[in-house]
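Colleague: Provided herewith: structure-v5.pdb, PDB, C-alpha atoms.
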ATOM      1  CA  GLU A   1       0.000   0.000   0.000
ATOM      2  CA  TRP A   2       1.140   3.536  -0.705
ATOM      3  CA  VAL A   3       0.674   4.501   2.953
ATOM      4  CA  ASN A   4       3.841   2.496   3.731
ATOM      5  CA  ASN A   5       3.974   3.465   7.386
ATOM      6  CA  GLY A   6       5.172   0.156   8.696
ATOM      7  CA  ALA A   7       1.560  -1.083   8.581
ATOM      8  CA  PHE A   8       1.276   0.647  11.978
ATOM      9  CA  ASP A   9       2.878  -2.405  13.552
ATOM     10  CA  GLU A  10       4.818  -0.295  16.059
ATOM     11  CA  ALA A  11       3.527   2.259  18.511
ATOM     12  CA  SER A  12       5.961   4.850  17.125
ATOM     13  CA  ASP A  13       4.059   4.776  13.823
ATOM     14  CA  THR A  14       1.206   6.593  15.553
ATOM     15  CA  ASP A  15       3.267   9.484  16.960
ATOM     16  CA  PHE A  16       3.035  13.085  15.778
ATOM     17  CA  TYR A  17       4.800  13.642  12.439
ATOM     18  CA  ALA A  18       5.250   9.886  12.037
ATOM     19  CA  GLY A  19       3.389  10.062   8.732
ATOM     20  CA  GLN A  20       5.090  10.415   5.365
ATOM     21  CA  LYS A  21       5.394  13.783   3.629
ATOM     22  CA  TYR A  22       4.557  12.263   0.254
ATOM     23  CA  TRP A  23       1.066  11.541   1.597
ATOM     24  CA  ILE A  24       0.327  15.210   0.889
ATOM     25  CA  PHE A  25       1.175  14.697  -2.781
ATOM     26  CA  VAL A  26      -0.866  11.493  -3.024
ATOM     27  CA  THR A  27      -4.011  12.887  -1.420
ATOM     28  CA  GLY A  28      -3.675  16.165  -3.338
ATOM     29  CA  SER A  29      -3.297  14.271  -6.627
ATOM     30  CA  ALA A  30      -6.335  12.153  -5.771
ATOM     31  CA  GLY A  31      -8.285  15.356  -5.124
ATOM     32  CA  LEU A  32      -7.200  16.778  -8.463
ATOM     33  CA  MET A  33      -8.332  13.621 -10.285
ATOM     34  CA  VAL A  34     -11.666  13.676  -8.451
ATOM     35  CA  GLY A  35     -12.172  17.316  -9.414
ATOM     36  CA  VAL A  36     -11.357  16.679 -13.059
ATOM     37  CA  VAL A  37     -13.748  13.725 -13.229
ATOM     38  CA  ARG A  38     -16.543  15.696 -11.572
ATOM     39  CA  TYR A  39     -16.024  18.572 -14.013
ATOM     40  CA  LEU A  40     -15.717  16.494 -17.193
ATOM     41  CA  TYR A  41     -18.831  14.456 -16.454
ATOM     42  CA  SER A  42     -20.812  17.305 -14.829
ATOM     43  CA  TYR A  43     -21.326  15.280 -11.674
ATOM     44  CA  PRO A  44     -23.993  17.114  -9.626
ATOM     45  CA  ASP A  45     -23.302  18.399  -6.130
ATOM     46  CA  ASN A  46     -26.804  17.856  -4.790
ATOM     47  CA  LEU A  47     -27.153  14.086  -5.082
ATOM     48  CA  PRO A  48     -28.529  12.537  -1.878
ATOM     49  CA  GLY A  49     -26.278  10.552   0.425
ATOM     50  CA  ILE A  50     -26.847   6.997   1.559
ATOM     51  CA  PHE A  51     -29.020   8.049   4.502
ATOM     52  CA  LYS A  52     -31.397   9.937   2.220
ATOM     53  CA  GLU A  53     -31.362   7.110  -0.329
ATOM     54  CA  ILE A  54     -32.377   4.619   2.362
ATOM     55  CA  THR A  55     -35.268   6.764   3.602
ATOM     56  CA  ASP A  56     -36.412   7.455   0.004
ATOM     57  CA  TYR A  57     -36.061   3.807  -1.101
ATOM     58  CA  HIS A  58     -34.500   5.092  -4.312
ATOM     59  CA  VAL A  59     -31.082   5.533  -5.926
ATOM     60  CA  ASP A  60     -30.599   7.286  -9.259
ATOM     61  CA  PRO A  61     -28.981   4.593 -11.449
ATOM     62  CA  GLN A  62     -27.770   7.226 -13.909
ATOM     63  CA  TYR A  63     -24.996   8.375 -11.597
ATOM     64  CA  THR A  64     -24.177   5.072  -9.906
ATOM     65  CA  PRO A  65     -21.104   4.213 -12.038
ATOM     66  CA  LEU A  66     -19.619   7.680 -11.513
ATOM     67  CA  THR A  67     -20.387   7.604  -7.794
ATOM     68  CA  VAL A  68     -18.579   4.286  -7.389
ATOM     69  CA  PHE A  69     -15.629   5.458  -9.499
ATOM     70  CA  ILE A  70     -15.203   8.768  -7.676
ATOM     71  CA  SER A  71     -15.558   7.020  -4.337
ATOM     72  CA  ALA A  72     -12.881   4.502  -5.347
ATOM     73  CA  LEU A  73     -10.552   7.372  -6.263
ATOM     74  CA  SER A  74     -11.332   9.064  -2.952
ATOM     75  CA  LEU A  75     -10.698   6.011  -0.777
ATOM     76  CA  ALA A  76      -7.609   4.940  -2.730
ATOM     77  CA  GLY A  77      -6.265   8.480  -2.406
ATOM     78  CA  GLY A  78      -6.489   8.518   1.384
ATOM     79  CA  ALA A  79      -9.675  10.527   1.937
ATOM     80  CA  SER A  80     -11.091  10.169   5.437
ATOM     81  CA  LEU A  81     -14.259   8.456   4.257
ATOM     82  CA  GLY A  82     -15.728   4.963   4.306
ATOM     83  CA  PRO A  83     -16.919   2.754   1.431
ATOM     84  CA  GLU A  84     -20.560   2.469   2.544
ATOM     85  CA  GLN A  85     -21.780   5.357   0.362
ATOM     86  CA  ALA A  86     -20.456   3.800  -2.852
ATOM     87  CA  MET A  87     -21.486   0.258  -1.936
ATOM     88  CA  GLY A  88     -24.986   1.256  -0.910
ATOM     89  CA  ASN A  89     -25.328   3.360  -4.041
ATOM     90  CA  LEU A  90     -24.176   0.473  -6.230
ATOM     91  CA  GLY A  91     -26.545  -2.103  -4.734
ATOM     92  CA  GLY A  92     -29.430   0.332  -4.493
ATOM     93  CA  GLY A  93     -28.843   1.693  -7.986
ATOM     94  CA  MET A  94     -28.916  -1.757  -9.555
ATOM     95  CA  ALA A  95     -32.064  -2.653  -7.621
ATOM     96  CA  THR A  96     -33.749   0.637  -8.561
ATOM     97  CA  TYR A  97     -33.008   0.011 -12.238
ATOM     98  CA  VAL A  98     -34.523  -3.462 -12.007
ATOM     99  CA  VAL A  99     -37.779  -2.359 -10.341
ATOM    100  CA  GLU A 100     -38.188   0.655 -12.645
ATOM    101  CA  ASN A 101     -37.267  -0.905 -15.983
ATOM    102  CA  LEU A 102     -37.238  -4.705 -15.921
ATOM    103  CA  LEU A 103     -39.718  -6.125 -13.415
ATOM    104  CA  GLU A 104     -42.971  -4.941 -11.890
ATOM    105  CA  PHE A 105     -43.549  -5.009  -8.143
ATOM    106  CA  GLU A 106     -46.079  -3.671  -5.729
ATOM    107  CA  PRO A 107     -45.015  -0.336  -4.164
ATOM    108  CA  ASP A 108     -43.922  -1.883  -0.843
ATOM    109  CA  ASN A 109     -42.112  -4.691  -2.604
ATOM    110  CA  ARG A 110     -40.278  -2.169  -4.791
ATOM    111  CA  LYS A 111     -39.008  -0.476  -1.647
ATOM    112  CA  LEU A 112     -37.894  -3.772  -0.154
ATOM    113  CA  VAL A 113     -36.038  -4.760  -3.314
ATOM    114  CA  VAL A 114     -34.093  -1.476  -3.288
ATOM    115  CA  LEU A 115     -33.235  -1.857   0.400
ATOM    116  CA  SER A 116     -32.284  -5.475  -0.196
ATOM    117  CA  GLY A 117     -29.886  -4.366  -2.922
ATOM    118  CA  MET A 118     -28.277  -1.926  -0.510
ATOM    119  CA  SER A 119     -28.134  -4.552   2.219
ATOM    120  CA  ALA A 120     -26.449  -7.015  -0.125
ATOM    121  CA  ALA A 121     -23.824  -4.449  -1.067
ATOM    122  CA  LEU A 122     -23.141  -3.643   2.597
ATOM    123  CA  GLY A 123     -23.063  -7.280   3.694
ATOM    124  CA  ALA A 124     -19.308  -7.791   3.394
ATOM    125  CA  LEU A 125     -18.237  -4.501   4.962
ATOM    126  CA  PHE A 126     -18.653  -5.577   8.585
ATOM    127  CA  PRO A 127     -17.390  -8.696  10.399
ATOM    128  CA  THR A 128     -20.978  -9.952  10.540
ATOM    129  CA  PRO A 129     -23.505  -9.359   7.720
ATOM    130  CA  ILE A 130     -26.354  -8.557  10.083
ATOM    131  CA  LEU A 131     -24.673  -5.230  10.900
ATOM    132  CA  GLY A 132     -25.416  -3.990   7.390
ATOM    133  CA  VAL A 133     -29.080  -4.890   7.878
ATOM    134  CA  LEU A 134     -29.170  -3.167  11.271
ATOM    135  CA  MET A 135     -27.576  -0.075   9.768
ATOM    136  CA  ILE A 136     -30.398   0.180   7.241
ATOM    137  CA  TYR A 137     -32.997  -0.307   9.954
ATOM    138  CA  GLU A 138     -31.371   2.374  12.087
ATOM    139  CA  LEU A 139     -31.499   4.854   9.223
ATOM    140  CA  GLY A 140     -34.787   3.968   7.555
ATOM    141  CA  ASN A 141     -38.162   2.393   8.098
ATOM    142  CA  PRO A 142     -38.542  -0.661   5.857
ATOM    143  CA  PRO A 143     -42.132  -1.467   4.844
ATOM    144  CA  LYS A 144     -43.946  -4.762   5.375
ATOM    145  CA  ALA A 145     -43.891  -6.848   8.523
ATOM    146  CA  TYR A 146     -40.708  -6.628  10.541
ATOM    147  CA  MET A 147     -39.598 -10.259  10.219
ATOM    148  CA  GLU A 148     -40.499 -10.401   6.530
ATOM    149  CA  SER A 149     -38.294  -7.451   5.687
ATOM    150  CA  VAL A 150     -35.499  -8.623   7.996
ATOM    151  CA  LEU A 151     -35.387 -12.009   6.268
ATOM    152  CA  LEU A 152     -35.261 -10.469   2.802
ATOM    153  CA  LEU A 153     -32.546  -7.972   3.683
ATOM    154  CA  SER A 154     -30.556 -10.580   5.615
ATOM    155  CA  PHE A 155     -30.623 -13.022   2.721
ATOM    156  CA  GLY A 156     -28.894 -10.558   0.402
ATOM    157  CA  ALA A 157     -26.421  -9.496   3.087
ATOM    158  CA  CYS A 158     -25.503 -13.073   4.031
ATOM    159  CA  THR A 159     -25.093 -14.096   0.391
ATOM    160  CA  SER A 160     -22.661 -11.280  -0.366
ATOM    161  CA  PHE A 161     -20.830 -11.943   2.906
ATOM    162  CA  LEU A 162     -20.352 -15.626   2.066
ATOM    163  CA  VAL A 163     -19.124 -14.914  -1.465
ATOM    164  CA  TYR A 164     -16.719 -12.157  -0.393
ATOM    165  CA  TYR A 165     -15.434 -14.045   2.635
ATOM    166  CA  TYR A 166     -14.881 -17.185   0.545
ATOM    167  CA  LEU A 167     -12.837 -15.229  -1.988
ATOM    168  CA  MET A 168     -10.896 -12.938   0.369
ATOM    169  CA  GLU A 169     -11.040 -14.763   3.751
ATOM    170  CA  TYR A 170     -11.746 -11.469   5.534
ATOM    171  CA  THR A 171     -14.271  -8.644   5.575
ATOM    172  CA  TYR A 172     -13.583  -4.993   4.825
ATOM    173  CA  LEU A 173     -13.619  -4.036   8.505
ATOM    174  CA  GLU A 174     -10.829  -5.975  10.186
ATOM    175  CA  ARG A 175     -11.989  -8.621  12.623
ATOM    176  CA  MET A 176     -10.148  -8.340  15.935
ATOM    177  CA  ALA A 177      -9.649 -11.166  18.397
ATOM    178  CA  THR A 178     -12.150 -11.206  21.248
ATOM    179  CA  SER A 179     -10.807 -10.624  24.745
ATOM    180  CA  ASN A 180     -12.573 -12.525  27.526
ATOM    181  CA  ARG A 181     -10.606 -10.849  30.329
ATOM    182  CA  LEU A 182     -13.385  -8.407  31.146
ATOM    183  CA  ALA A 183     -16.125 -11.043  30.971
ATOM    184  CA  ASP A 184     -14.235 -13.343  33.339
ATOM    185  CA  LYS A 185     -13.562 -10.697  35.997
ATOM    186  CA  TRP A 186     -16.491  -8.338  35.656
ATOM    187  CA  ASP A 187     -19.142  -8.108  38.360
ATOM    188  CA  PHE A 188     -22.105  -5.810  37.878
ATOM    189  CA  GLU A 189     -22.333  -2.757  40.126
ATOM    190  CA  GLU A 190     -25.056  -0.135  40.025
ATOM    191  CA  TRP A 191     -22.662   2.786  39.519
ATOM    192  CA  GLN A 192     -21.754   1.305  36.142
ATOM    193  CA  CYS A 193     -25.185   2.357  34.824
ATOM    194  CA  MET A 194     -24.211   5.962  35.470
ATOM    195  CA  THR A 195     -20.892   5.319  33.741
ATOM    196  CA  GLY A 196     -22.803   4.177  30.666
ATOM    197  CA  PHE A 197     -24.859   7.374  30.825
ATOM    198  CA  VAL A 198     -21.672   9.454  30.933
ATOM    199  CA  PHE A 199     -20.259   7.546  27.964
ATOM    200  CA  GLY A 200     -23.464   8.297  26.058
ATOM    201  CA  CYS A 201     -23.171  12.021  26.840
ATOM    202  CA  ILE A 202     -19.539  12.051  25.726
ATOM    203  CA  SER A 203     -20.460  10.222  22.507
ATOM    204  CA  GLY A 204     -23.154  12.780  21.833
ATOM    205  CA  ALA A 205     -20.660  15.597  22.373
ATOM    206  CA  ILE A 206     -18.257  13.942  19.923
ATOM    207  CA  CYS A 207     -20.992  13.680  17.291
ATOM    208  CA  ILE A 208     -21.958  17.324  17.799
ATOM    209  CA  THR A 209     -18.309  18.318  17.390
ATOM    210  CA  ALA A 210     -18.119  16.346  14.142
ATOM    211  CA  ILE A 211     -21.312  18.005  12.897
ATOM    212  CA  ILE A 212     -19.880  21.445  13.704
ATOM    213  CA  PHE A 213     -16.708  20.626  11.768
ATOM    214  CA  ILE A 214     -18.790  19.365   8.854
ATOM    215  CA  GLY A 215     -20.959  22.487   8.848
ATOM    216  CA  ILE A 216     -17.955  24.828   8.907
ATOM    217  CA  CYS A 217     -16.170  22.971   6.102
ATOM    218  CA  LYS A 218     -19.357  22.895   4.036
ATOM    219  CA  GLN A 219     -19.639  26.672   4.181
ATOM    220  CA  VAL A 220     -15.935  27.198   3.474
ATOM    221  CA  PHE A 221     -15.819  24.970   0.403
ATOM    222  CA  ALA A 222     -19.161  26.244  -0.902
ATOM    223  CA  ARG A 223     -17.786  29.787  -0.883
ATOM    224  CA  ILE A 224     -14.481  28.763  -2.461
ATOM    225  CA  LYS A 225     -16.305  26.930  -5.229
ATOM    226  CA  MET A 226     -18.776  29.747  -5.879
ATOM    227  CA  ARG A 227     -16.086  32.395  -6.152
ATOM    228  CA  CYS A 228     -13.705  30.286  -8.230
ATOM    229  CA  ASN A 229     -16.451  29.225 -10.644
ATOM    230  CA  GLY A 230     -17.351  32.895 -10.966
ATOM    231  CA  LEU A 231     -13.849  33.561 -12.274
ATOM    232  CA  VAL A 232     -13.391  30.527 -14.516
ATOM    233  CA  ASP A 233     -16.062  27.943 -15.267
ATOM    234  CA  GLY A 234     -15.277  24.669 -13.495
ATOM    235  CA  LEU A 235     -12.294  26.075 -11.575
ATOM    236  CA  GLY A 236     -13.982  25.620  -8.204
ATOM    237  CA  THR A 237     -15.095  22.083  -9.068
ATOM    238  CA  ILE A 238     -11.475  21.102  -9.689
ATOM    239  CA  LEU A 239      -9.815  23.302  -7.074
ATOM    240  CA  CYS A 240     -11.937  22.342  -4.044
ATOM    241  CA  PRO A 241     -11.097  18.604  -3.948
ATOM    242  CA  THR A 242      -7.461  19.448  -4.705
ATOM    243  CA  ILE A 243      -7.296  21.806  -1.722
ATOM    244  CA  GLY A 244      -9.175  19.258   0.378
ATOM    245  CA  GLY A 245      -6.782  16.485  -0.609
ATOM    246  CA  LEU A 246      -3.742  18.602   0.276
ATOM    247  CA  ALA A 247      -5.323  19.488   3.628
ATOM    248  CA  VAL A 248      -6.160  15.862   4.441
ATOM    249  CA  GLY A 249      -2.637  14.776   3.502
ATOM    250  CA  THR A 250      -1.091  17.454   5.710
ATOM    251  CA  ILE A 251      -3.295  16.529   8.670
ATOM    252  CA  SER A 252      -2.439  12.845   8.194
ATOM    253  CA  TRP A 253       1.273  13.607   8.005
ATOM    254  CA  VAL A 254       1.075  15.360  11.371
ATOM    255  CA  CYS A 255      -1.423  12.901  12.911
ATOM    256  CA  PRO A 256      -0.988   9.571  11.058
ATOM    257  CA  LEU A 257      -3.998   8.031  12.830
ATOM    258  CA  ALA A 258      -6.161  10.339  10.690
ATOM    259  CA  ILE A 259      -5.160   8.688   7.386
ATOM    260  CA  GLY A 260      -7.735   6.887   5.272
ATOM    261  CA  ASP A 261     -11.095   5.490   6.317
ATOM    262  CA  GLY A 262      -9.877   4.412   9.753
ATOM    263  CA  ASN A 263      -9.892   0.668   9.168
ATOM    264  CA  MET A 264      -6.108   0.511   8.838
ATOM    265  CA  VAL A 265      -5.476   2.211  12.176
ATOM    266  CA  LEU A 266      -8.287   0.634  14.204
ATOM    267  CA  ALA A 267      -6.308  -2.398  15.403
ATOM    268  CA  PRO A 268      -3.186  -0.363  16.358
ATOM    269  CA  ILE A 269      -5.347   2.102  18.299
ATOM    270  CA  VAL A 270      -6.845  -0.681  20.399
ATOM    271  CA  LYS A 271      -3.666  -2.755  20.678
ATOM    272  CA  PHE A 272      -1.143  -0.047  21.580
ATOM    273  CA  GLY A 273      -3.623   2.218  23.331
ATOM    274  CA  ALA A 274      -4.683  -0.499  25.762
ATOM    275  CA  LEU A 275      -1.000  -1.021  26.622
ATOM    276  CA  ASN A 276      -0.553   2.738  27.190
ATOM    277  CA  LEU A 277       1.953   2.885  24.335
ATOM    278  CA  ILE A 278      -0.026   5.727  22.728
ATOM    279  CA  SER A 279      -0.320   8.799  24.915
ATOM    280  CA  THR A 280      -3.686  10.265  25.840
ATOM    281  CA  HIS A 281      -2.615  13.555  24.270
ATOM    282  CA  THR A 282      -1.871  11.831  20.955
ATOM    283  CA  LEU A 283      -5.197  10.010  20.964
ATOM    284  CA  ILE A 284      -7.287  13.098  21.760
ATOM    285  CA  THR A 285      -5.481  15.222  19.168
ATOM    286  CA  SER A 286      -5.815  12.446  16.578
ATOM    287  CA  ALA A 287      -9.543  12.146  17.297
ATOM    288  CA  PHE A 288     -10.047  15.841  16.524
ATOM    289  CA  ALA A 289      -7.782  15.514  13.477
ATOM    290  CA  LYS A 290      -9.848  12.561  12.259
ATOM    291  CA  MET A 291     -13.105  14.503  12.582
ATOM    292  CA  LEU A 292     -11.591  17.485  10.773
ATOM    293  CA  SER A 293     -10.293  15.249   7.971
ATOM    294  CA  LEU A 294     -13.752  13.683   7.724
ATOM    295  CA  ALA A 295     -15.409  17.097   7.495
ATOM    296  CA  ILE A 296     -13.006  18.252   4.786
ATOM    297  CA  SER A 297     -13.356  15.025   2.800
ATOM    298  CA  MET A 298     -17.163  15.115   2.929
ATOM    299  CA  ASN A 299     -17.423  18.662   1.592
ATOM    300  CA  CYS A 300     -14.519  19.251  -0.768
ATOM    301  CA  GLY A 301     -15.706  16.850  -3.470
ATOM    302  CA  PHE A 302     -14.617  13.396  -2.332
ATOM    303  CA  ILE A 303     -17.341  10.753  -2.047
ATOM    304  CA  GLY A 304     -17.772   8.308   0.813
ATOM    305  CA  GLY A 305     -19.514   7.670   4.110
ATOM    306  CA  PHE A 306     -18.686   8.713   7.642
ATOM    307  CA  VAL A 307     -19.425   5.445   9.493
ATOM    308  CA  PHE A 308     -15.917   3.969   9.336
ATOM    309  CA  PRO A 309     -14.052   7.199  10.234
ATOM    310  CA  MET A 310     -16.359   7.706  13.206
ATOM    311  CA  ILE A 311     -15.714   4.125  14.342
ATOM    312  CA  ALA A 312     -11.991   4.963  14.428
ATOM    313  CA  THR A 313     -12.711   8.206  16.288
ATOM    314  CA  GLY A 314     -14.839   6.333  18.812
ATOM    315  CA  ALA A 315     -12.060   3.790  19.319
ATOM    316  CA  MET A 316      -9.592   6.589  20.132
ATOM    317  CA  VAL A 317     -11.954   8.108  22.677
ATOM    318  CA  GLY A 318     -12.729   4.685  24.153
ATOM    319  CA  VAL A 319      -9.046   3.949  24.630
ATOM    320  CA  VAL A 320      -8.617   7.325  26.348
ATOM    321  CA  ALA A 321     -11.400   6.355  28.771
ATOM    322  CA  HIS A 322      -9.644   3.024  29.371
ATOM    323  CA  GLN A 323      -6.350   4.762  30.092
ATOM    324  CA  GLN A 324      -7.936   7.151  32.551
ATOM    325  CA  HIS A 325     -10.032   4.535  34.358
ATOM    326  CA  ASP A 326      -8.668   1.035  33.893
ATOM    327  CA  TYR A 327     -11.217  -1.266  35.493
TER     328      TYR A 327
END
Since I need it in another form, could you write the structure as structure tokens?

Modeller:
Amino acid sequence: EWVNNGAFDEASDTDFYAGQKYWIFVTGSAGLMVGVVRYLYSYPDNLPGIFKEITDYHVDPQYTPLTVFISALSLAGGASLGPEQAMGNLGGGMATYVVENLLEFEPDNRKLVVLSGMSAALGALFPTPILGVLMIYELGNPPKAYMESVLLLSFGACTSFLVYYYLMEYTYLERMATSNRLADKWDFEEWQCMTGFVFGCISGAICITAIIFIGICKQVFARIKMRCNGLVDGLGTILCPTIGGLAVGTISWVCPLAIGDGNMVLAPIVKFGALNLISTHTLITSAFAKMLSLAISMNCGFIGGFVFPMIATGAMVGVVAHQQHDY
């Protein structure tokens, strides 16, 4: 892989400025390519994301190939985004094309087919296929009886999981070994309920912080694009992802845990963080850097989801809690 940071197999790979300077060139080049593709093919800026597509039970098949291609460029170029947007768009787009052009279904069945296509595409992303189904249920409201829709969505997810796992012997999100140390020694105490409440409040604060970053970056890049396009047609479309790529590369060079979608650094965060080989200061700074990289990537022109980067951010914060209160 071009990241070439020792596969994060040593704690020192996570330190400040442990990234590679050429990351800035790679991510900036990826941004330039994304901008050129968006300009040449007039890719619209107002297409709905995966959350909206799930609640609408519809994906525009016309833009599915471009969405997948731009997302592949984004993820390969180190953008702080996950693959769920492209995968959901691919499965949902194919299903939408089928129900609108090839086969006739009742309205509720049309919705289920589209959601099933998305579920099938998401099936191999997580260590267990049911997580893709649960993600859709968390975001949308599938029609029909609960068990009927669960079975249909699970069938597609399990099928894709089995095929992918048979071919690759792993899922996209790395499966980590289960530790039974806590289960063997843990005894329930009432104060732990309050601890869970505090964790929930902290998680909410983290999400609000991410939303604030996203809102700020959205306004910044919207203004850059508007003014640049006012000078030269298409300049903003090309310039914004280039600037975003350079910014993401610079942040990742300083805080290497912010590179990519977060899957690569998830295991090192848990492994070295639990052993106190990554300082609390590094983890907290990297968590903010990850959210900033996510906000930039989402609004500069890259395409992808925010689930995987937020999982990495949550892991950093969880390890900080472990370091402060090791029970």

Colleague: Mind giving me the axis-aligned box for stretch 315-321 of chain A with 6 Å on every side, centre plus edges in Å to one decimal, as AutoDock Vina command-line options?

Modeller:
--center_x -10.7 --center_y 5.9 --center_z 24.0 --size_x 16.1 --size_y 16.3 --size_z 21.5

Colleague: Just how far from atom CA of A:Gly132 is atom CA of A:Ser119, in Å to one decimal?

Modeller: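 Atom-to-atom, atom CA of A:Ser119 to atom CA of A:Gly132, that is 5.9 Å.
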
Colleague: Under the rule that all atoms listed in the file are counted, which of A:Gln324, A:Ser71, A:Thr96, A:Ser160 is the nearest residue to A:Pro83?

Modeller: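 With all atoms listed in the file as the atom set, the closest residue is A:Ser71.
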
Colleague: With a distance cut-off of 9 Å and only C-alpha atoms, select the neighbouring residues of stretch 260-271 of chain A, excluding the residue or stretch itself and same-chain residues fewer than 4 positions from it, and output the selection as a JSON list (two decimals) with C-alpha atoms, in the frame of the given file.

Modeller:
[["chain", "number", "residue", "atom", "x", "y", "z"],
["A", 7, "ALA", "CA", 1.56, -1.08, 8.58],
["A", 8, "PHE", "CA", 1.28, 0.65, 11.98],
["A", 9, "ASP", "CA", 2.88, -2.40, 13.55],
["A", 10, "GLU", "CA", 4.82, -0.30, 16.06],
["A", 11, "ALA", "CA", 3.53, 2.26, 18.51],
["A", 14, "THR", "CA", 1.21, 6.59, 15.55],
["A", 75, "LEU", "CA", -10.70, 6.01, -0.78],
["A", 76, "ALA", "CA", -7.61, 4.94, -2.73],
["A", 77, "GLY", "CA", -6.26, 8.48, -2.41],
["A", 78, "GLY", "CA", -6.49, 8.52, 1.38],
["A", 79, "ALA", "CA", -9.68, 10.53, 1.94],
["A", 80, "SER", "CA", -11.09, 10.17, 5.44],
["A", 81, "LEU", "CA", -14.26, 8.46, 4.26],
["A", 82, "GLY", "CA", -15.73, 4.96, 4.31],
["A", 83, "PRO", "CA", -16.92, 2.75, 1.43],
["A", 172, "TYR", "CA", -13.58, -4.99, 4.82],
["A", 173, "LEU", "CA", -13.62, -4.04, 8.51],
["A", 174, "GLU", "CA", -10.83, -5.98, 10.19],
["A", 175, "ARG", "CA", -11.99, -8.62, 12.62],
["A", 176, "MET", "CA", -10.15, -8.34, 15.94],
["A", 252, "SER", "CA", -2.44, 12.84, 8.19],
["A", 256, "PRO", "CA", -0.99, 9.57, 11.06],
["A", 275, "LEU", "CA", -1.00, -1.02, 26.62],
["A", 277, "LEU", "CA", 1.95, 2.88, 24.34],
["A", 278, "ILE", "CA", -0.03, 5.73, 22.73],
["A", 283, "LEU", "CA", -5.20, 10.01, 20.96],
["A", 290, "LYS", "CA", -9.85, 12.56, 12.26],
["A", 294, "LEU", "CA", -13.75, 13.68, 7.72],
["A", 305, "GLY", "CA", -19.51, 7.67, 4.11],
["A", 306, "PHE", "CA", -18.69, 8.71, 7.64],
["A", 307, "VAL", "CA", -19.42, 5.44, 9.49],
["A", 308, "PHE", "CA", -15.92, 3.97, 9.34],
["A", 309, "PRO", "CA", -14.05, 7.20, 10.23],
["A", 310, "MET", "CA", -16.36, 7.71, 13.21],
["A", 311, "ILE", "CA", -15.71, 4.12, 14.34],
["A", 312, "ALA", "CA", -11.99, 4.96, 14.43],
["A", 313, "THR", "CA", -12.71, 8.21, 16.29],
["A", 315, "ALA", "CA", -12.06, 3.79, 19.32],
["A", 316, "MET", "CA", -9.59, 6.59, 20.13],
["A", 318, "GLY", "CA", -12.73, 4.68, 24.15],
["A", 319, "VAL", "CA", -9.05, 3.95, 24.63]]

Colleague: Taking only C-alpha atoms into account, which of A:Trp253, A:Ser286, A:Leu102, A:Ala295 comes nearest A:Gly215?

Modeller: A:Ala295

Colleague: Once the PyMOL selection byres ((chain A and resi 53) around 12) is applied to the coordinates I shared, what remains selected? I want it as an mmCIF file with C-alpha atoms, in the frame of the given file.

Modeller:
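The file below, out_12.cif, is the result:
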data_model
loop_
_atom_site.group_PDB
_atom_site.id
_atom_site.type_symbol
_atom_site.label_atom_id
_atom_site.label_comp_id
_atom_site.auth_asym_id
_atom_site.auth_seq_id
_atom_site.Cartn_x
_atom_site.Cartn_y
_atom_site.Cartn_z
ATOM 1 C CA LEU A 47 -27.153 14.086 -5.082
ATOM 2 C CA PRO A 48 -28.529 12.537 -1.878
ATOM 3 C CA GLY A 49 -26.278 10.552 0.425
ATOM 4 C CA ILE A 50 -26.847 6.997 1.559
ATOM 5 C CA PHE A 51 -29.020 8.049 4.502
ATOM 6 C CA LYS A 52 -31.397 9.937 2.220
ATOM 7 C CA ILE A 54 -32.377 4.619 2.362
ATOM 8 C CA THR A 55 -35.268 6.764 3.602
ATOM 9 C CA ASP A 56 -36.412 7.455 0.004
ATOM 10 C CA TYR A 57 -36.061 3.807 -1.101
ATOM 11 C CA HIS A 58 -34.500 5.092 -4.312
ATOM 12 C CA VAL A 59 -31.082 5.533 -5.926
ATOM 13 C CA ASP A 60 -30.599 7.286 -9.259
ATOM 14 C CA PRO A 61 -28.981 4.593 -11.449
ATOM 15 C CA GLN A 85 -21.780 5.357 0.362
ATOM 16 C CA ALA A 86 -20.456 3.800 -2.852
ATOM 17 C CA GLY A 88 -24.986 1.256 -0.910
ATOM 18 C CA ASN A 89 -25.328 3.360 -4.041
ATOM 19 C CA LEU A 90 -24.176 0.473 -6.230
ATOM 20 C CA GLY A 91 -26.545 -2.103 -4.734
ATOM 21 C CA GLY A 92 -29.430 0.332 -4.493
ATOM 22 C CA GLY A 93 -28.843 1.693 -7.986
ATOM 23 C CA THR A 96 -33.749 0.637 -8.561
ATOM 24 C CA LYS A 111 -39.008 -0.476 -1.647
ATOM 25 C CA VAL A 114 -34.093 -1.476 -3.288
ATOM 26 C CA LEU A 115 -33.235 -1.857 0.400
ATOM 27 C CA GLY A 117 -29.886 -4.366 -2.922
ATOM 28 C CA MET A 118 -28.277 -1.926 -0.510
ATOM 29 C CA ILE A 136 -30.398 0.180 7.241
ATOM 30 C CA LEU A 139 -31.499 4.854 9.223
ATOM 31 C CA GLY A 140 -34.787 3.968 7.555
ATOM 32 C CA ASN A 141 -38.162 2.393 8.098
#

Colleague: Of the candidates A:Ala95, A:Gly28, A:Leu131, A:Ser149, which one gets nearest to A:Asp108 if we count only C-alpha atoms?

Modeller: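 The closest residue to A:Asp108 is A:Ser149.
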
Colleague: Between atom CA of A:Cys228 and atom CA of A:Ser74, what distance in Å does the model show, to one decimal?

Modeller: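 Atom-to-atom, atom CA of A:Cys228 and atom CA of A:Ser74 are spaced 22.0 Å apart.
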
Colleague: Once the PyMOL selection byres ((chain A and resi 195-211) around 10) has been evaluated on this model, what residues remain selected, and can you format them as a list in words?

Modeller: Glu190, Trp191, Gln192, Cys193, Met194, Ile212, Phe213, Ile214, Gly215, Ile216, Cys217, Ala287, Phe288, Lys290, Met291, Leu292, Leu294, Ala295, Met310, Thr313, Gly314, Val317, Gly318 and Ala321 of chain A
